[in-house]
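Presented below is the structure to which this report refers.
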Number of protein chains: 2
Amino acid sequence: MKPKNILIFVGKYLINNNYMQDTVQNNDEISSLGEFGLIRHLTRNIKIKNTSTLAGVGDDAAILDYGEKVILVTTDLLTEGIHFNLIYTPLKHLGYKAAVVSFADIFAMNGIPRQLLLSLAVSKKYKISMLEALYEGLLLACDKYGVDLAGGDTSSSLTGMTLSVTALGESERNKTVLRKGAKKNDLICVTGDLGAAYLGLQVLERERRLYHDHPDLQPDLSNYSYLLKRQLKPEARADIIRLFREADFVPTSMIDVSDGLASDLLHICNASGAGCKIYADKIPIHPATIEAAGEFNIEPLIAALNGGEDYELLFTISPGNYDKIKTQPEIAVIGHITDKDEKPLLITPNNTSIELKAQGWNATEN
Amino acid sequence: MKPKNILIFVGKYLINNNYMQDTVQNNDEISSLGEFGLIRHLTRNIKIKNTSTLAGVGDDAAILDYGEKVILVTTDLLTEGIHFNLIYTPLKHLGYKAAVVSFADIFAMNGIPRQLLLSLAVSKKYKISMLEALYEGLLLACDKYGVDLAGGDTSSSLTGMTLSVTALGESERNKTVLRKGAKKNDLICVTGDLGAAYLGLQVLERERRLYHDHPDLQPDLSNYSYLLKRQLKPEARADIIRLFREADFVPTSMIDVSDGLASDLLHICNASGAGCKIYADKIPIHPATIEAAGEFNIEPLIAALNGGEDYELLFTISPGNYDKIKTQPEIAVIGHITDKDEKPLLITPNNTSIELKAQGWNATEN
């Protein structure tokens with residue numbers, strides 16, 4: 001690789017002149033750490049310098065102290081072909097979803113999103129009307145959630161589209177909720193239902209393959225309306241944050257379900273230094289998800305545990321606050337927090353205990 | 001293009017079911033608007049909803065009101081092959097520069113950067129040690145400028161590396177400086193010198209071509225030390241912001257020189273509704289820039305006007321504040337603001353007036 005040598009040469013020149021030099025090894029695969037391990041690894045030496053930085057890396061949003069209120073800020077990078085596929089994602093939906101996903105991170109801290117910044121890099125194949133469609137969806141979400149689009153920029157890319165979405169929000173100092181904070185015996189709660197977005201993606205992937213083989217077929221998606229909506233136009237749970245305010249209590253820990261229930265619950269357990277026990281038959285799954293799961297030969301529970309992209313809220317509450325949520329149809333209690341010495345467990349309907357893994361429930365493992 | 005039809009099909013289904021549909025035209029080239037025109041176009045209908053949003057799209061950073069102080073936030077998206085070339089950019093330098101460039105946006109609002117968020121998307125060719133080098137540079141810049149790395153995420157990309165850098169900073173309410181605010185007769189000032197980063201890039205590009213043709217040559221870059229530093233390890237002008245605080249005055253408008261003096265001065269004129277008159281022989285250019293410009297057969301003035309990536313501060317002050325800056329070796333007065341009916345003009349040493357264009361000075365135009 002010729003270019004490499006130039007880099008090394010320039011690098012050598014630079015270090016001889018007190019510039020900085022990269023020491024690149026060639027045997028250290030990123031996959032050996034995984035995404036979360038990689039972030040932990042890269043940020044392990046960070047020391048906070050400013051009193052305004054209340055919390056940084058390691059939660060859904062950073063917490064900044066700039067006066068009476070704290071500010072929450074979260075940033076996401078979405079790349080074409082990895083985070084979205086334009087073959088079946090209309091750009092208006094992509095804009096809507098990109099905004100909502102970042103609002104979900106602010107809600108997951110018990111905050112209210114206020115501002116959004118969008119940076120966009122697009123290759124030459126993109127037309128103005130395509131970016132207009134993206135912005136339309138983004139602004140529609142901003143309107144619905146009362147958020148201002150407050151900045152950003154647009155530049156070129158060599159291939160495809162990359163979106164960087166930064167959301168800012170506010171919270172009262174003593175009402176901000178982190179991933180850490182779950183205590184033994186706290187109840188584990190989740191909103192709405194899980195796994196639908198994943199099945200929606202399976203439907204779209206099947207259509208893509210069908211179209212490839214039979215471009216003249218006109219498939220009927222009307223049976224999958226709920227699943228497609230969850231995949232293409234998800235909503236974030238502003239209603240639950242209002243409910244916390246109205247019921248005047250604060251969860252002990254919270255996260256939004258973006259990676260899947262199993263992975264996100266383990267984030268709470270790891271951050272809180274605790275174990276957990278959840279019950280398979282308490283996990284809320286929509287009838288449409290169960291039906292489609294049958295068609296795709298997928299266990300609905302696996303879709304709920306590992307599917308991701310649900311953007312529901314997963315939180316823990318002190319047992320004493322149970323009365324405040326027990327009549328809420330949108331909140332299900334799925335288990336409780338255990339000692340940190342205990343493993344995170346999933347209890348099946350026939351009372352078998354299975355260890356919960358970040359990749360979710362493993363059917364072969366019992 | 002088959003995939004397109006699937007999108008249209010899914011889109012049709014979605015609109016029939018009250019989803020949203022993109023209307024994509026195929027004849028609207030982004031190049032017809034240009035980057036700045038595109039941003040203006042896409043953000044033309046934004047209405048601010050939150051009282052905490054003091055200023056949004058259209059400046060170096062958004063201004064948010066969350067208490068006694070205002071918060072500044074800026075976000076940049078950097079894509080491989082467009083914003084940086086890893087052939088001659090060591091990753092440590094890339095991290096350093098990415099951070100400094102975002103701090104420069106905060107300084108350009110007369111603010112102090114406090115937090116930085118980095119999101120990263122990388123393809124499989126990247127190794128852990130490469131990302132470590134990137135983070136090392138980023139954290140070195142954070143340390144130097146007293147900024148906390150407070151969040152971000154890491155994900156995959158299909159090709160190359162994309163960085164999204166978000167910086168937050170603070171300012172006092174009545175000391176925040178926008179691009180708008182320049183008044184007739186205000187003095188136009190610029191810090192440091194201009195055009196060096198552009199010449200540094202020319203040196204690196206020449207080395208790349210030389211290496212391609214003669215891989216065994218060992219070129220000597222020692223003559224270009226200053227230029228390479230300006231290109232590969234730029235600094236932002238924290239010192240000038242301190243000087244404003246100490247001298248107890250506030251510029252009437254300000255921007256950092258990222259696109260080039262001509263383009264950035266026109267941003268100030270457009271935002272302020274004013275014209276300007278600057279003098280070619282007042283524009284500060286480093287001797288090393290002039291020398292290298294001769295080698296590359298480039299007019300030094302053109303490098304200064306159009307080169308970009310200088311990250312110096314360009315600002316305007318009331319004539320009454322001239323005494324406060326006149327002895328500062330790092331600040332040059334290069335002209336003054338004129339009526340909005342007057343064109344933005346560059347006056348050459350032989351007293352010819354040339355209209356300043358966003359692409360800078362055009363030698364064939366006189």
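Starting from 1 in every chain, residues are counted up; chains themselves are A, B, ... following the order of the structure tokens, and ligands are numbered from 1 as listed.
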(request) Excluding Leu158 in chain A and residues on its chain fewer than 5 positions from it, collect all residues at most 9 Å away from it, counting only C-alpha atoms, and give them as a PyMOL selection string. (result) (chain A and resi 121-124) or (chain B and resi 79-82)
(request) Please report, as a ChimeraX atom specification, each residue of range 45-165 of chain B to which DSSP assigns strand (DSSP E or B) when run on this structure's backbone. (result) /B:53-55,62-65,69-80,84,112-122,127,148-151,154-156,161-165
Selection export as a PDB file, in the first residue's frame, atoms kept: C-alpha atoms:
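Heads up, here's the output in out34.pdb:
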ATOM      1  CA  THR B  53     -33.436  29.144  21.549  1.00  0.00           C
ATOM      2  CA  LEU B  54     -31.867  32.612  21.222  1.00  0.00           C
ATOM      3  CA  ALA B  55     -30.354  32.027  17.789  1.00  0.00           C
ATOM      4  CA  ALA B  62     -26.498  28.155  17.944  1.00  0.00           C
ATOM      5  CA  ILE B  63     -27.203  30.207  21.063  1.00  0.00           C
ATOM      6  CA  LEU B  64     -29.318  28.671  23.783  1.00  0.00           C
ATOM      7  CA  ASP B  65     -30.595  30.371  26.912  1.00  0.00           C
ATOM      8  CA  LYS B  69     -25.375  32.317  30.840  1.00  0.00           C
ATOM      9  CA  VAL B  70     -26.080  31.433  27.251  1.00  0.00           C
ATOM     10  CA  ILE B  71     -24.891  28.202  25.757  1.00  0.00           C
ATOM     11  CA  LEU B  72     -23.243  27.969  22.387  1.00  0.00           C
ATOM     12  CA  VAL B  73     -23.380  24.752  20.426  1.00  0.00           C
ATOM     13  CA  THR B  74     -21.832  23.916  17.080  1.00  0.00           C
ATOM     14  CA  THR B  75     -21.618  20.711  15.105  1.00  0.00           C
ATOM     15  CA  ASP B  76     -19.408  19.677  12.189  1.00  0.00           C
ATOM     16  CA  LEU B  77     -19.386  16.584  10.047  1.00  0.00           C
ATOM     17  CA  LEU B  78     -16.029  15.554   8.539  1.00  0.00           C
ATOM     18  CA  THR B  79     -15.887  12.828   5.891  1.00  0.00           C
ATOM     19  CA  GLU B  80     -12.844  10.996   4.598  1.00  0.00           C
ATOM     20  CA  PHE B  84      -9.459  15.074   5.206  1.00  0.00           C
ATOM     21  CA  ILE B 112     -15.439  29.716  25.791  1.00  0.00           C
ATOM     22  CA  PRO B 113     -15.635  26.060  24.719  1.00  0.00           C
ATOM     23  CA  ARG B 114     -16.416  23.680  27.592  1.00  0.00           C
ATOM     24  CA  GLN B 115     -17.593  20.313  26.240  1.00  0.00           C
ATOM     25  CA  LEU B 116     -16.964  18.233  23.145  1.00  0.00           C
ATOM     26  CA  LEU B 117     -18.903  15.257  21.796  1.00  0.00           C
ATOM     27  CA  LEU B 118     -17.424  12.978  19.157  1.00  0.00           C
ATOM     28  CA  SER B 119     -19.322  10.492  17.020  1.00  0.00           C
ATOM     29  CA  LEU B 120     -17.333   8.243  14.790  1.00  0.00           C
ATOM     30  CA  ALA B 121     -18.300   5.891  11.955  1.00  0.00           C
ATOM     31  CA  VAL B 122     -15.496   3.676  10.641  1.00  0.00           C
ATOM     32  CA  LYS B 127      -7.793  -0.762  13.751  1.00  0.00           C
ATOM     33  CA  ASP B 148     -14.230  18.038  28.459  1.00  0.00           C
ATOM     34  CA  LEU B 149     -14.901  15.198  26.065  1.00  0.00           C
ATOM     35  CA  ALA B 150     -18.441  14.576  27.291  1.00  0.00           C
ATOM     36  CA  GLY B 151     -19.964  11.999  24.975  1.00  0.00           C
ATOM     37  CA  THR B 154     -18.913   4.886  17.568  1.00  0.00           C
ATOM     38  CA  SER B 155     -20.496   2.853  14.796  1.00  0.00           C
ATOM     39  CA  SER B 156     -19.741   1.232  11.472  1.00  0.00           C
ATOM     40  CA  MET B 161     -14.274   7.321   8.307  1.00  0.00           C
ATOM     41  CA  THR B 162     -16.761  10.005   9.232  1.00  0.00           C
ATOM     42  CA  LEU B 163     -16.375  12.224  12.288  1.00  0.00           C
ATOM     43  CA  SER B 164     -19.128  14.287  13.817  1.00  0.00           C
ATOM     44  CA  VAL B 165     -17.826  16.827  16.300  1.00  0.00           C
TER      45      VAL B 165
END
(request) Work out how far CA of Ala104 in chain B is from CA of Ala238 in chain B, in Å to one decimal. (result)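 We find that CA of Ala238 in chain B and CA of Ala104 in chain B lie 8.2 Å from each other.
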(message) Calculated over only C-alpha atoms, which of the candidates B:Arg208, B:Lys180, B:Arg242, B:Lys277 has the smallest distance to chain A?
(response)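 The shortest atom-to-atom distance to chain A comes from B:Arg208.
Between CA of Lys184 in chain A and CA of Ile337 in chain A the interatomic distance comes to 4.9 Å.
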(request) Would you mind listing what lies within 12 Å of Ile298 in chain A as a count of residues only, with only C-alpha atoms counted and same-chain residues fewer than 4 positions away left out? (result) 17
(request) With a distance cut-off of 8 Å and only C-alpha atoms, select the neighbouring residues of Lys233 in chain A, excluding the residue or stretch itself and same-chain residues fewer than 2 positions from it, and output the selection as an MDAnalysis selection string. (result) chainID A and resid 93 96:97 228:231 235
Output for the residues just chosen: C-alpha atoms as a short mmCIF file (atom, residue, chain, number, x, y, z; two decimals), in the first residue's frame:
data_model
loop_
_atom_site.label_atom_id
_atom_site.label_comp_id
_atom_site.auth_asym_id
_atom_site.auth_seq_id
_atom_site.Cartn_x
_atom_site.Cartn_y
_atom_site.Cartn_z
CA HIS A 93 -39.30 9.04 7.21
CA TYR A 96 -38.50 11.99 11.09
CA LYS A 97 -36.89 8.93 12.63
CA LEU A 228 -44.06 -0.72 9.35
CA LYS A 229 -45.05 2.30 11.39
CA ARG A 230 -42.85 1.14 14.26
CA GLN A 231 -39.91 0.66 11.88
CA GLU A 235 -42.31 7.80 18.24
#
(request) Please give the complete set of residues from range 45-231 of chain A that DSSP, run on the backbone, assigns to helix (DSSP H, G or I), formatted as a ChimeraX atom specification. (result) /A:91-107,128-145,173-175,196-213,222-231
(request) Between A:Ile354, A:Val257, A:Ile283, A:Val190, single out the one closest to Pro234 in chain A, counting only C-alpha atoms. (result)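 Under the stated criterion, the closest residue is A:Val257.
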(request) Determine the nearest neighbour of Thr316 in chain B from the options B:Asn351, B:Thr252, B:Ser157, B:Ser222, counting only C-alpha atoms. (result)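 Selected residue with least distance to Thr316 in chain B: B:Thr252.
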(message) Just to confirm, what's the straight-line distance from CA of Gly111 in chain B to CA of Glu246 in chain B in Å (one decimal)?
(response) 13.9 Å
(request) Can you pull out every residue within 6 Å of Gly308 in chain A, counting only C-alpha atoms, but drop anything in the same chain fewer than 5 positions away, and send it as a list in words? (result) Ser258, Asp259 and Gly260 of chain A
